[in-house]
Every structure is written in C-alpha cells, then in structure tokens.
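Novice: This is the content of input-v9.cif (mmCIF, C-alpha atoms and all ligand atoms):
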```
data_protein
#
loop_
_atom_site.group_PDB
_atom_site.id
_atom_site.type_symbol
_atom_site.label_atom_id
_atom_site.label_comp_id
_atom_site.auth_asym_id
_atom_site.auth_seq_id
_atom_site.Cartn_x
_atom_site.Cartn_y
_atom_site.Cartn_z
ATOM 1 C CA MET A 1 0.000 0.000 0.000
ATOM 2 C CA ALA A 2 2.851 2.398 0.866
ATOM 3 C CA ALA A 3 4.550 1.698 -2.471
ATOM 4 C CA THR A 4 1.381 2.559 -4.369
ATOM 5 C CA LEU A 5 1.132 5.835 -2.536
ATOM 6 C CA ALA A 6 4.752 6.743 -3.204
ATOM 7 C CA GLU A 7 4.417 5.927 -6.890
ATOM 8 C CA THR A 8 1.282 7.920 -7.421
ATOM 9 C CA ALA A 9 2.017 10.860 -5.166
ATOM 10 C CA SER A 10 4.867 12.541 -6.985
ATOM 11 C CA ALA A 11 3.346 12.269 -10.444
ATOM 12 C CA GLY A 12 0.113 14.009 -9.730
ATOM 13 C CA GLN A 13 0.787 16.032 -6.609
ATOM 14 C CA MET A 14 1.242 19.433 -8.228
ATOM 15 C CA LYS A 15 -1.817 19.103 -10.451
ATOM 16 C CA MET A 16 -3.908 17.943 -7.514
ATOM 17 C CA ALA A 17 -2.944 20.830 -5.303
ATOM 18 C CA GLU A 18 -3.720 23.306 -8.067
ATOM 19 C CA SER A 19 -7.055 21.755 -8.929
ATOM 20 C CA SER A 20 -9.963 24.146 -8.745
ATOM 21 C CA GLY A 21 -12.487 21.346 -8.505
ATOM 22 C CA ARG A 22 -13.911 21.887 -11.963
ATOM 23 C CA GLY A 23 -14.717 18.251 -12.513
ATOM 24 C CA GLY A 24 -11.711 17.296 -14.655
ATOM 25 C CA GLN A 25 -10.038 13.975 -14.034
ATOM 26 C CA LEU A 26 -6.393 13.396 -13.254
ATOM 27 C CA ALA A 27 -4.272 11.319 -15.591
ATOM 28 C CA ALA A 28 -2.968 9.181 -12.724
ATOM 29 C CA TRP A 29 -4.929 7.003 -10.330
ATOM 30 C CA VAL A 30 -4.260 7.986 -6.731
ATOM 31 C CA THR A 31 -4.786 6.072 -3.490
ATOM 32 C CA ALA A 32 -6.925 7.827 -0.885
ATOM 33 C CA TYR A 33 -8.590 6.826 2.389
ATOM 34 C CA ILE A 34 -12.106 7.852 3.386
ATOM 35 C CA GLY A 35 -13.547 7.612 6.889
ATOM 36 C CA LEU A 36 -17.230 6.652 7.163
ATOM 37 C CA GLY A 37 -19.447 7.305 10.163
ATOM 38 C CA SER A 38 -23.152 7.064 10.983
ATOM 39 C CA ASN A 39 -25.133 7.366 14.196
ATOM 40 C CA LEU A 40 -28.665 8.014 13.006
ATOM 41 C CA GLY A 41 -31.166 5.545 11.546
ATOM 42 C CA ASP A 42 -29.992 2.255 10.047
ATOM 43 C CA ARG A 43 -26.279 2.897 10.574
ATOM 44 C CA LEU A 44 -24.954 -0.181 8.812
ATOM 45 C CA ALA A 45 -27.223 0.387 5.818
ATOM 46 C CA PHE A 46 -25.917 3.953 5.482
ATOM 47 C CA LEU A 47 -22.303 2.772 5.512
ATOM 48 C CA ARG A 48 -23.033 0.093 2.909
ATOM 49 C CA GLN A 49 -24.918 2.578 0.774
ATOM 50 C CA ALA A 50 -21.972 4.988 0.980
ATOM 51 C CA ARG A 51 -19.461 2.368 -0.120
ATOM 52 C CA PHE A 52 -21.691 1.532 -3.072
ATOM 53 C CA ALA A 53 -22.432 5.153 -4.003
ATOM 54 C CA LEU A 54 -18.781 6.242 -3.837
ATOM 55 C CA THR A 55 -17.909 3.821 -6.634
ATOM 56 C CA GLY A 56 -18.019 5.236 -10.130
ATOM 57 C CA GLN A 57 -16.091 5.732 -13.329
ATOM 58 C CA ALA A 58 -13.353 7.751 -11.593
ATOM 59 C CA LEU A 59 -13.302 5.914 -8.253
ATOM 60 C CA ARG A 60 -13.027 2.303 -7.144
ATOM 61 C CA VAL A 61 -13.175 1.070 -3.567
ATOM 62 C CA THR A 62 -10.206 -1.281 -3.234
ATOM 63 C CA ALA A 63 -10.483 -2.353 0.421
ATOM 64 C CA SER A 64 -12.702 -1.970 3.474
ATOM 65 C CA SER A 65 -11.731 -2.026 7.140
ATOM 66 C CA ALA A 66 -13.718 -4.003 9.663
ATOM 67 C CA LEU A 67 -16.861 -2.422 11.068
ATOM 68 C CA TYR A 68 -16.543 -0.664 14.438
ATOM 69 C CA ALA A 69 -18.867 0.907 16.984
ATOM 70 C CA SER A 70 -17.621 3.985 18.832
ATOM 71 C CA GLU A 71 -18.548 6.424 21.526
ATOM 72 C CA PRO A 72 -19.488 9.902 20.207
ATOM 73 C CA VAL A 73 -16.740 12.514 20.655
ATOM 74 C CA GLY A 74 -17.843 16.095 21.318
ATOM 75 C CA GLY A 75 -21.207 17.549 20.414
ATOM 76 C CA PRO A 76 -24.544 16.883 22.127
ATOM 77 C CA VAL A 77 -25.676 13.593 23.723
ATOM 78 C CA GLN A 78 -26.253 11.179 20.853
ATOM 79 C CA ASP A 79 -26.217 7.490 19.900
ATOM 80 C CA ASP A 80 -23.051 5.474 19.350
ATOM 81 C CA TYR A 81 -21.456 5.582 15.935
ATOM 82 C CA TYR A 82 -20.728 2.905 13.416
ATOM 83 C CA ASN A 83 -17.382 3.597 11.760
ATOM 84 C CA ALA A 84 -15.241 2.147 9.008
ATOM 85 C CA VAL A 85 -12.564 3.275 6.574
ATOM 86 C CA VAL A 86 -12.324 2.448 2.889
ATOM 87 C CA ALA A 87 -9.296 2.622 0.618
ATOM 88 C CA VAL A 88 -10.043 3.948 -2.834
ATOM 89 C CA THR A 89 -8.195 4.479 -6.046
ATOM 90 C CA THR A 90 -9.398 7.559 -7.834
ATOM 91 C CA ARG A 91 -8.785 10.008 -10.635
ATOM 92 C CA LEU A 92 -10.743 12.733 -8.869
ATOM 93 C CA SER A 93 -8.768 15.713 -7.592
ATOM 94 C CA PRO A 94 -8.931 16.296 -3.822
ATOM 95 C CA LEU A 95 -11.615 18.976 -4.173
ATOM 96 C CA ASP A 96 -13.645 16.873 -6.563
ATOM 97 C CA LEU A 97 -13.343 13.922 -4.205
ATOM 98 C CA LEU A 98 -14.593 16.092 -1.320
ATOM 99 C CA ALA A 99 -17.531 17.260 -3.464
ATOM 100 C CA HIS A 100 -18.264 13.648 -4.400
ATOM 101 C CA CYS A 101 -18.234 12.632 -0.708
ATOM 102 C CA GLN A 102 -20.605 15.480 0.123
ATOM 103 C CA SER A 103 -23.023 14.444 -2.621
ATOM 104 C CA VAL A 104 -23.023 10.899 -1.206
ATOM 105 C CA GLU A 105 -23.746 12.377 2.255
ATOM 106 C CA MET A 106 -26.672 14.253 0.722
ATOM 107 C CA LEU A 107 -27.980 11.019 -0.815
ATOM 108 C CA ALA A 108 -28.115 9.621 2.705
ATOM 109 C CA GLY A 109 -30.217 12.573 3.814
ATOM 110 C CA ARG A 110 -27.398 14.234 5.765
ATOM 111 C CA GLU A 111 -28.457 17.458 7.412
ATOM 112 C CA ARG A 112 -25.918 19.879 8.837
ATOM 113 C CA GLN A 113 -27.700 21.382 11.795
ATOM 114 C CA GLN A 114 -25.211 21.229 14.583
ATOM 115 C CA ARG A 115 -21.452 20.814 14.503
ATOM 116 C CA TRP A 116 -20.535 17.299 15.615
ATOM 117 C CA GLY A 117 -24.236 16.489 15.977
ATOM 118 C CA ALA A 118 -25.887 13.180 15.033
ATOM 119 C CA ARG A 119 -25.726 12.324 11.356
ATOM 120 C CA THR A 120 -26.928 9.636 8.972
ATOM 121 C CA LEU A 121 -23.602 9.703 7.151
ATOM 122 C CA ASP A 122 -20.294 11.475 7.574
ATOM 123 C CA LEU A 123 -17.566 10.987 4.982
ATOM 124 C CA ASP A 124 -14.157 12.447 5.751
ATOM 125 C CA LEU A 125 -11.264 12.525 3.340
ATOM 126 C CA LEU A 126 -8.460 11.269 5.569
ATOM 127 C CA LEU A 127 -5.459 10.887 3.267
ATOM 128 C CA TYR A 128 -4.902 11.574 -0.397
ATOM 129 C CA ALA A 129 -1.606 10.038 -1.528
ATOM 130 C CA ASP A 130 0.940 11.893 0.618
ATOM 131 C CA LEU A 131 -0.547 15.255 -0.184
ATOM 132 C CA GLU A 132 -0.660 18.031 2.406
ATOM 133 C CA LEU A 133 -3.299 20.632 1.682
ATOM 134 C CA ALA A 134 -4.787 23.419 3.793
ATOM 135 C CA LEU A 135 -7.667 25.144 2.041
ATOM 136 C CA PRO A 136 -10.634 26.732 3.843
ATOM 137 C CA GLN A 137 -12.912 23.923 2.659
ATOM 138 C CA LEU A 138 -10.455 21.026 2.686
ATOM 139 C CA GLU A 139 -7.602 20.054 4.914
ATOM 140 C CA VAL A 140 -5.610 16.903 4.107
ATOM 141 C CA PRO A 141 -4.576 14.910 6.040
ATOM 142 C CA HIS A 142 -7.825 15.338 7.944
ATOM 143 C CA PRO A 143 -6.730 17.603 10.826
ATOM 144 C CA ARG A 144 -8.078 15.507 13.702
ATOM 145 C CA MET A 145 -7.663 11.987 12.360
ATOM 146 C CA HIS A 146 -4.450 11.165 14.263
ATOM 147 C CA GLN A 147 -6.175 11.917 17.581
ATOM 148 C CA ARG A 148 -9.217 9.758 16.918
ATOM 149 C CA ARG A 149 -9.233 6.073 17.666
ATOM 150 C CA PHE A 150 -12.449 5.622 15.668
ATOM 151 C CA VAL A 151 -10.465 6.720 12.592
ATOM 152 C CA LEU A 152 -7.009 5.279 13.268
ATOM 153 C CA GLN A 153 -8.192 1.847 14.369
ATOM 154 C CA PRO A 154 -10.076 1.050 11.125
ATOM 155 C CA LEU A 155 -7.413 2.800 9.061
ATOM 156 C CA CYS A 156 -4.778 0.552 10.629
ATOM 157 C CA ASP A 157 -6.728 -2.499 9.385
ATOM 158 C CA LEU A 158 -5.797 -1.310 5.902
ATOM 159 C CA ALA A 159 -2.511 0.586 6.144
ATOM 160 C CA PRO A 160 -0.750 0.332 9.533
ATOM 161 C CA GLN A 161 2.672 1.103 8.034
ATOM 162 C CA LEU A 162 1.552 4.197 6.181
ATOM 163 C CA ILE A 163 3.406 7.339 7.241
ATOM 164 C CA TYR A 164 1.196 10.173 8.427
ATOM 165 C CA PRO A 165 2.534 13.095 6.368
ATOM 166 C CA ARG A 166 2.590 15.907 8.892
ATOM 167 C CA LEU A 167 4.225 13.951 11.701
ATOM 168 C CA GLY A 168 6.354 11.540 9.681
ATOM 169 C CA ARG A 169 5.211 8.614 11.845
ATOM 170 C CA ALA A 170 3.501 5.321 11.045
ATOM 171 C CA LEU A 171 -0.236 5.184 11.703
ATOM 172 C CA SER A 172 0.223 2.104 13.915
ATOM 173 C CA GLU A 173 2.609 4.076 16.180
ATOM 174 C CA LEU A 174 0.084 6.877 16.520
ATOM 175 C CA LEU A 175 -2.672 4.382 17.324
ATOM 176 C CA VAL A 176 -0.872 2.702 20.238
ATOM 177 C CA GLU A 177 -0.336 6.092 21.878
ATOM 178 C CA LEU A 178 -4.046 6.922 21.932
ATOM 179 C CA PRO A 179 -6.007 6.442 25.171
ATOM 180 C CA ASP A 180 -8.660 3.698 25.409
ATOM 181 C CA THR A 181 -11.403 6.227 25.903
ATOM 182 C CA PRO A 182 -13.572 7.234 24.157
ATOM 183 C CA TRP A 183 -14.073 3.519 23.461
ATOM 184 C CA VAL A 184 -14.027 1.877 20.039
ATOM 185 C CA ARG A 185 -15.232 -1.716 19.623
ATOM 186 C CA ARG A 186 -14.719 -4.000 16.630
ATOM 187 C CA LEU A 187 -18.065 -5.489 15.558
ATOM 188 C CA GLN A 188 -17.407 -7.637 12.491
ATOM 189 C CA SER A 189 -14.780 -7.994 9.800
ATOM 190 C CA GLN A 190 -17.150 -8.031 6.789
ATOM 191 C CA TRP A 191 -19.971 -5.602 6.192
HETATM 192 P P1 LIG B 201 -17.047 16.890 10.898
HETATM 193 O O1 LIG B 201 -16.710 15.820 9.892
HETATM 194 O O2 LIG B 201 -15.817 17.589 11.455
HETATM 195 O O3 LIG B 201 -17.956 16.405 11.969
HETATM 196 P P2 LIG B 201 -18.601 18.093 8.755
HETATM 197 O O4 LIG B 201 -18.704 16.729 8.147
HETATM 198 O O5 LIG B 201 -19.874 18.858 8.946
HETATM 199 O O6 LIG B 201 -17.861 18.051 10.159
HETATM 200 O O7 LIG B 201 -17.592 18.926 7.864
HETATM 201 C C1 LIG B 201 -17.419 20.273 8.051
HETATM 202 C C2 LIG B 201 -16.557 20.829 6.915
HETATM 203 O O8 LIG B 201 -15.259 20.275 7.008
HETATM 204 C C3 LIG B 201 -16.988 20.498 5.511
HETATM 205 O O9 LIG B 201 -17.846 21.469 4.993
HETATM 206 C C4 LIG B 201 -15.681 20.435 4.717
HETATM 207 O O10 LIG B 201 -15.566 21.490 3.797
HETATM 208 C C5 LIG B 201 -14.628 20.587 5.786
HETATM 209 N N1 LIG B 201 -13.470 19.721 5.642
HETATM 210 C C6 LIG B 201 -12.183 20.154 5.775
HETATM 211 N N2 LIG B 201 -11.329 19.162 5.595
HETATM 212 C C7 LIG B 201 -12.066 18.044 5.346
HETATM 213 C C8 LIG B 201 -11.735 16.677 5.069
HETATM 214 N N3 LIG B 201 -10.446 16.271 5.021
HETATM 215 N N4 LIG B 201 -12.740 15.805 4.848
HETATM 216 C C9 LIG B 201 -14.032 16.216 4.909
HETATM 217 N N5 LIG B 201 -14.414 17.494 5.159
HETATM 218 C C10 LIG B 201 -13.447 18.402 5.379
HETATM 219 MG MG MG B 202 -17.232 15.260 7.967
#
```
Spell out the structure here as structure tokens.
Ligand code: ADP
Ligand code: MG
Specialist:
Amino acid sequence: MAATLAETASAGQMKMAESSGRGGQLAAWVTAYIGLGSNLGDRLAFLRQARFALTGQALRVTASSALYASEPVGGPVQDDYYNAVVAVTTRLSPLDLLAHCQSVEMLAGRERQQRWGARTLDLDLLLYADLELALPQLEVPHPRMHQRRFVLQPLCDLAPQLIYPRLGRALSELLVELPDTPWVRRLQSQW
C-alpha cells in the first residue's frame, strides 16, 4: 500500500494541489482513504450505501476495514457511531473527491444542523496520496484523524505502516499512543 502511494504521489501532486475542482479527471490514479461514520437511523445500511455510491467511473473502492462501533466525541448527547474506513483508487482531484463525498452524504439525507451532531452519514477525506493541503474547505490529512481512535483503528486495518505526512510517523505508532477512551469496539470484519 505504501509503495502505491509513493508511486502515485509525486506524479500528480502538483496538479492535484492546483485543482480548482472543476470536474476534470487526473491522468494518474491515486490512493486515498475515506472515513465513514453514521449514528442516526440504520447505521450499517448507510455505511453500505456509501461504499456503493462512492464507486463510479473515476473511483473504485479497493479495500474496506472491519466495522466498528464507537462512543461519540464532542457535540450533544447522541447514539453510538458505526465507523469504518475504505481505501479507494481515484482520478478525482482532492476537491472533486470532497464534493463527491458530500453528494453521497446528501444522498443519505445528511443534514448539517449542529457541529458534531448526530448524522446519517459522515464521509471524511483522511489521506490523499501523501498530499498536504490546507484550504478553507479542505484540509488533508484530515486535521483531527491522528487523535481519533475511531479513525485510526479502522485505518490501521488497511494501512498500519503508512506514514502520516505531517508527523512523519507510522499510523500504527500513533494508534498505540491513543487512550482507550472514548471507546471503540470492533463489531465484524465483513460488512
Ligand atoms: P465533521 O466531519 O468535522 O464532523 P462536517 O462533516 O460537517 O464536520 O464537515 C465540516 C466541513 O469540514 C466540511 O464542509 C468540509 O468542507 C470541511 N473539511 C475540511 N477538511 C475536510 C476533510 N479532510 N474531509 C471532509 N471534510 C473536510
Ligand atoms: Mg465530515
């Protein structure tokens, strides 16, 4: 997985960073990781629907983590989350991939009423090759992912050796340093 990232990152990195999100497709296929979360309604059905709806001509889901349940972090009192991470290979630019994720959230009836409030579907772009990007609407790597067990644990199912760009450390190293609370529980390997 790390080799794929290294190969694809250098070739397309400049074009990706410059992309204005106009809907063009990159020449190279890039590996990215997307975090999925749901804590409203039929949580598993929303995650399955998301994995299906993400797939298209410019994006393939190449691997899925196990399914996890997790305690909500921040925000109002709300139900536990279901979480997972998928690896994708895509020709969408980072901004186009974010827009695509948001359209899939809309398909699931996502409403943005309260920050960190309950949601049918939350899709976060965690990593995009080894790109580092800080735009008002998109920060990659996702700025809080390395502090969240509900992200790192499923991500480590797929890519424990991957180096987190900003810190230069393997994801598995970051995971072992996280506290046990808020809790995250593995539910099933297939979903
Ligand atoms: P959160 O995921 O933090 O609970 P939202 O899903 O409501 O919150 O996202 C809030 C905003 O975060 C989005 O409008 C989006 O533009 C922005 N954002 C910045 N970086 C990312 C990222 N890496 N992935 C997804 N959204 C991001
Ligand atoms: Mg989000």
Novice: Show which residues sit within 7 Å of region 22-33 of chain A, as a ChimeraX atom specification. Count all atoms listed in the file, and ignore same-chain residues fewer than 2 positions away.
Specialist: /A:5,8,12,20,35,85-93,96,125-129
Novice: Point out the residue among A:Pro143, A:Leu54, A:Pro94, A:Arg60 with the least atom-to-atom distance to ligand MG 202 (chain B), counting only C-alpha atoms and all ligand atoms.
Specialist: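 Of A:Pro143, A:Leu54, A:Pro94, A:Arg60, the one nearest ligand MG 202 (chain B), counting only C-alpha atoms and all ligand atoms, is A:Pro143.
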Novice: Need to verify the contact set: Leu155 (chain A), 12 Å, all atoms listed in the file, exclusion of same-chain residues closer than 4 positions in sequence. Can you return it as a ChimeraX atom specification?
Specialist: /A:32-36,63-68,83-87,125-127,145-146,148-151,159-164,170-172,174-175
Novice: Neighbours of ligand LIG 201 (chain B) within 10 Å, counting all atoms listed in the file, as a PDB file with C-alpha atoms, keeping the file's coordinate frame?
Specialist:
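To be explicit, this is the file written out as pocket31.pdb:
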```pdb
ATOM      1  CA  TYR A  33      -8.590   6.826   2.389  1.00  0.00           C
ATOM      2  CA  ILE A  34     -12.106   7.852   3.386  1.00  0.00           C
ATOM      3  CA  GLY A  35     -13.547   7.612   6.889  1.00  0.00           C
ATOM      4  CA  LEU A  36     -17.230   6.652   7.163  1.00  0.00           C
ATOM      5  CA  GLY A  37     -19.447   7.305  10.163  1.00  0.00           C
ATOM      6  CA  VAL A  73     -16.740  12.514  20.655  1.00  0.00           C
ATOM      7  CA  GLY A  74     -17.843  16.095  21.318  1.00  0.00           C
ATOM      8  CA  GLY A  75     -21.207  17.549  20.414  1.00  0.00           C
ATOM      9  CA  PRO A  94      -8.931  16.296  -3.822  1.00  0.00           C
ATOM     10  CA  LEU A  95     -11.615  18.976  -4.173  1.00  0.00           C
ATOM     11  CA  LEU A  97     -13.343  13.922  -4.205  1.00  0.00           C
ATOM     12  CA  LEU A  98     -14.593  16.092  -1.320  1.00  0.00           C
ATOM     13  CA  ALA A  99     -17.531  17.260  -3.464  1.00  0.00           C
ATOM     14  CA  CYS A 101     -18.234  12.632  -0.708  1.00  0.00           C
ATOM     15  CA  GLN A 102     -20.605  15.480   0.123  1.00  0.00           C
ATOM     16  CA  GLU A 105     -23.746  12.377   2.255  1.00  0.00           C
ATOM     17  CA  ARG A 110     -27.398  14.234   5.765  1.00  0.00           C
ATOM     18  CA  GLU A 111     -28.457  17.458   7.412  1.00  0.00           C
ATOM     19  CA  ARG A 112     -25.918  19.879   8.837  1.00  0.00           C
ATOM     20  CA  GLN A 113     -27.700  21.382  11.795  1.00  0.00           C
ATOM     21  CA  GLN A 114     -25.211  21.229  14.583  1.00  0.00           C
ATOM     22  CA  ARG A 115     -21.452  20.814  14.503  1.00  0.00           C
ATOM     23  CA  TRP A 116     -20.535  17.299  15.615  1.00  0.00           C
ATOM     24  CA  GLY A 117     -24.236  16.489  15.977  1.00  0.00           C
ATOM     25  CA  ALA A 118     -25.887  13.180  15.033  1.00  0.00           C
ATOM     26  CA  ARG A 119     -25.726  12.324  11.356  1.00  0.00           C
ATOM     27  CA  LEU A 121     -23.602   9.703   7.151  1.00  0.00           C
ATOM     28  CA  ASP A 122     -20.294  11.475   7.574  1.00  0.00           C
ATOM     29  CA  LEU A 123     -17.566  10.987   4.982  1.00  0.00           C
ATOM     30  CA  ASP A 124     -14.157  12.447   5.751  1.00  0.00           C
ATOM     31  CA  LEU A 125     -11.264  12.525   3.340  1.00  0.00           C
ATOM     32  CA  LEU A 126      -8.460  11.269   5.569  1.00  0.00           C
ATOM     33  CA  LEU A 127      -5.459  10.887   3.267  1.00  0.00           C
ATOM     34  CA  TYR A 128      -4.902  11.574  -0.397  1.00  0.00           C
ATOM     35  CA  LEU A 133      -3.299  20.632   1.682  1.00  0.00           C
ATOM     36  CA  ALA A 134      -4.787  23.419   3.793  1.00  0.00           C
ATOM     37  CA  LEU A 135      -7.667  25.144   2.041  1.00  0.00           C
ATOM     38  CA  PRO A 136     -10.634  26.732   3.843  1.00  0.00           C
ATOM     39  CA  GLN A 137     -12.912  23.923   2.659  1.00  0.00           C
ATOM     40  CA  LEU A 138     -10.455  21.026   2.686  1.00  0.00           C
ATOM     41  CA  GLU A 139      -7.602  20.054   4.914  1.00  0.00           C
ATOM     42  CA  VAL A 140      -5.610  16.903   4.107  1.00  0.00           C
ATOM     43  CA  PRO A 141      -4.576  14.910   6.040  1.00  0.00           C
ATOM     44  CA  HIS A 142      -7.825  15.338   7.944  1.00  0.00           C
ATOM     45  CA  PRO A 143      -6.730  17.603  10.826  1.00  0.00           C
ATOM     46  CA  ARG A 144      -8.078  15.507  13.702  1.00  0.00           C
ATOM     47  CA  MET A 145      -7.663  11.987  12.360  1.00  0.00           C
TER      48      MET A 145
END
```
Novice: Translate the PyMOL selection byres (((chain A and resi 71) around 10) and not hetatm) into a concrete residue list for this structure, as a VMD selection string.
Specialist: chain A and resid 39 69 to 70 72 to 74 78 to 82 150 181 to 185
Novice: Which value, in Å to one decimal, gives the distance between CA of Glu173 (chain A) and CA of Val61 (chain A)?
Specialist: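 Between these atoms lies a distance of 25.5 Å.
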Novice: Have a look at A:Ala58, A:Trp191, A:Val77, A:Arg169 and name the one nearest to Phe46 (chain A); count all atoms listed in the file.
Specialist: A:Trp191
Novice: What does the structure give for the distance between CA of Leu178 (chain A) and CA of Gln147 (chain A), in Å to one decimal?
Specialist: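 So the two atoms, CA of Leu178 (chain A) and CA of Gln147 (chain A), lie 7.0 Å apart.
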Novice: Taking all atoms listed in the file into account, which of A:Arg51, A:Gln153, A:Thr120, A:Glu132 comes nearest ligand MG 202 (chain B)?
Specialist: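 Result for the nearest residue to ligand MG 202 (chain B): A:Thr120.
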Novice: Considering only C-alpha atoms and all ligand atoms, can you say which of A:Val104, A:Leu59, A:Val176, A:Leu152 comes closest to ligand MG 202 (chain B)?
Specialist: A:Val104
Novice: Calculated over all atoms listed in the file, which of the candidates A:Ala50, A:Asp180, A:Gly56, A:Arg186 has the smallest distance to Gly109 (chain A)?
Specialist: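 Closest to Gly109 (chain A), using all atoms listed in the file: A:Ala50.
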Novice: Could you jot down the CA of Gln188 (chain A) to CA of Leu40 (chain A) separation for me, Å, one decimal place?
Specialist: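 Result for CA of Gln188 (chain A) versus CA of Leu40 (chain A): 19.3 Å, one decimal.
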Novice: I'd like to know which of A:Met106, A:Arg43, A:Phe52, A:Gln190 is closest to ligand MG 202 (chain B), using only C-alpha atoms and all ligand atoms.
Specialist: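 Nearest to ligand MG 202 (chain B): A:Met106.
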Novice: Please put the answer as AutoDock Vina command-line options: centre and edge lengths, in Å with one decimal, of a box along x, y and z that encloses all listed atoms of region 183-186 of chain A plus 8 Å on each side.
Specialist:
```
--center_x -14.6 --center_y -0.2 --center_z 20.0 --size_x 17.2 --size_y 23.5 --size_z 22.8
```
Novice: Would you save region 22-59 of chain A to a file, keeping C-alpha atoms, as a PDB file, in the first residue's frame?
Specialist:
```pdb
ATOM      1  CA  ARG A  22     -13.911  21.887 -11.963  1.00  0.00           C
ATOM      2  CA  GLY A  23     -14.717  18.251 -12.513  1.00  0.00           C
ATOM      3  CA  GLY A  24     -11.711  17.296 -14.655  1.00  0.00           C
ATOM      4  CA  GLN A  25     -10.038  13.975 -14.034  1.00  0.00           C
ATOM      5  CA  LEU A  26      -6.393  13.396 -13.254  1.00  0.00           C
ATOM      6  CA  ALA A  27      -4.272  11.319 -15.591  1.00  0.00           C
ATOM      7  CA  ALA A  28      -2.968   9.181 -12.724  1.00  0.00           C
ATOM      8  CA  TRP A  29      -4.929   7.003 -10.330  1.00  0.00           C
ATOM      9  CA  VAL A  30      -4.260   7.986  -6.731  1.00  0.00           C
ATOM     10  CA  THR A  31      -4.786   6.072  -3.490  1.00  0.00           C
ATOM     11  CA  ALA A  32      -6.925   7.827  -0.885  1.00  0.00           C
ATOM     12  CA  TYR A  33      -8.590   6.826   2.389  1.00  0.00           C
ATOM     13  CA  ILE A  34     -12.106   7.852   3.386  1.00  0.00           C
ATOM     14  CA  GLY A  35     -13.547   7.612   6.889  1.00  0.00           C
ATOM     15  CA  LEU A  36     -17.230   6.652   7.163  1.00  0.00           C
ATOM     16  CA  GLY A  37     -19.447   7.305  10.163  1.00  0.00           C
ATOM     17  CA  SER A  38     -23.152   7.064  10.983  1.00  0.00           C
ATOM     18  CA  ASN A  39     -25.133   7.366  14.196  1.00  0.00           C
ATOM     19  CA  LEU A  40     -28.665   8.014  13.006  1.00  0.00           C
ATOM     20  CA  GLY A  41     -31.166   5.545  11.546  1.00  0.00           C
ATOM     21  CA  ASP A  42     -29.992   2.255  10.047  1.00  0.00           C
ATOM     22  CA  ARG A  43     -26.279   2.897  10.574  1.00  0.00           C
ATOM     23  CA  LEU A  44     -24.954  -0.181   8.812  1.00  0.00           C
ATOM     24  CA  ALA A  45     -27.223   0.387   5.818  1.00  0.00           C
ATOM     25  CA  PHE A  46     -25.917   3.953   5.482  1.00  0.00           C
ATOM     26  CA  LEU A  47     -22.303   2.772   5.512  1.00  0.00           C
ATOM     27  CA  ARG A  48     -23.033   0.093   2.909  1.00  0.00           C
ATOM     28  CA  GLN A  49     -24.918   2.578   0.774  1.00  0.00           C
ATOM     29  CA  ALA A  50     -21.972   4.988   0.980  1.00  0.00           C
ATOM     30  CA  ARG A  51     -19.461   2.368  -0.120  1.00  0.00           C
ATOM     31  CA  PHE A  52     -21.691   1.532  -3.072  1.00  0.00           C
ATOM     32  CA  ALA A  53     -22.432   5.153  -4.003  1.00  0.00           C
ATOM     33  CA  LEU A  54     -18.781   6.242  -3.837  1.00  0.00           C
ATOM     34  CA  THR A  55     -17.909   3.821  -6.634  1.00  0.00           C
ATOM     35  CA  GLY A  56     -18.019   5.236 -10.130  1.00  0.00           C
ATOM     36  CA  GLN A  57     -16.091   5.732 -13.329  1.00  0.00           C
ATOM     37  CA  ALA A  58     -13.353   7.751 -11.593  1.00  0.00           C
ATOM     38  CA  LEU A  59     -13.302   5.914  -8.253  1.00  0.00           C
TER      39      LEU A  59
END
```
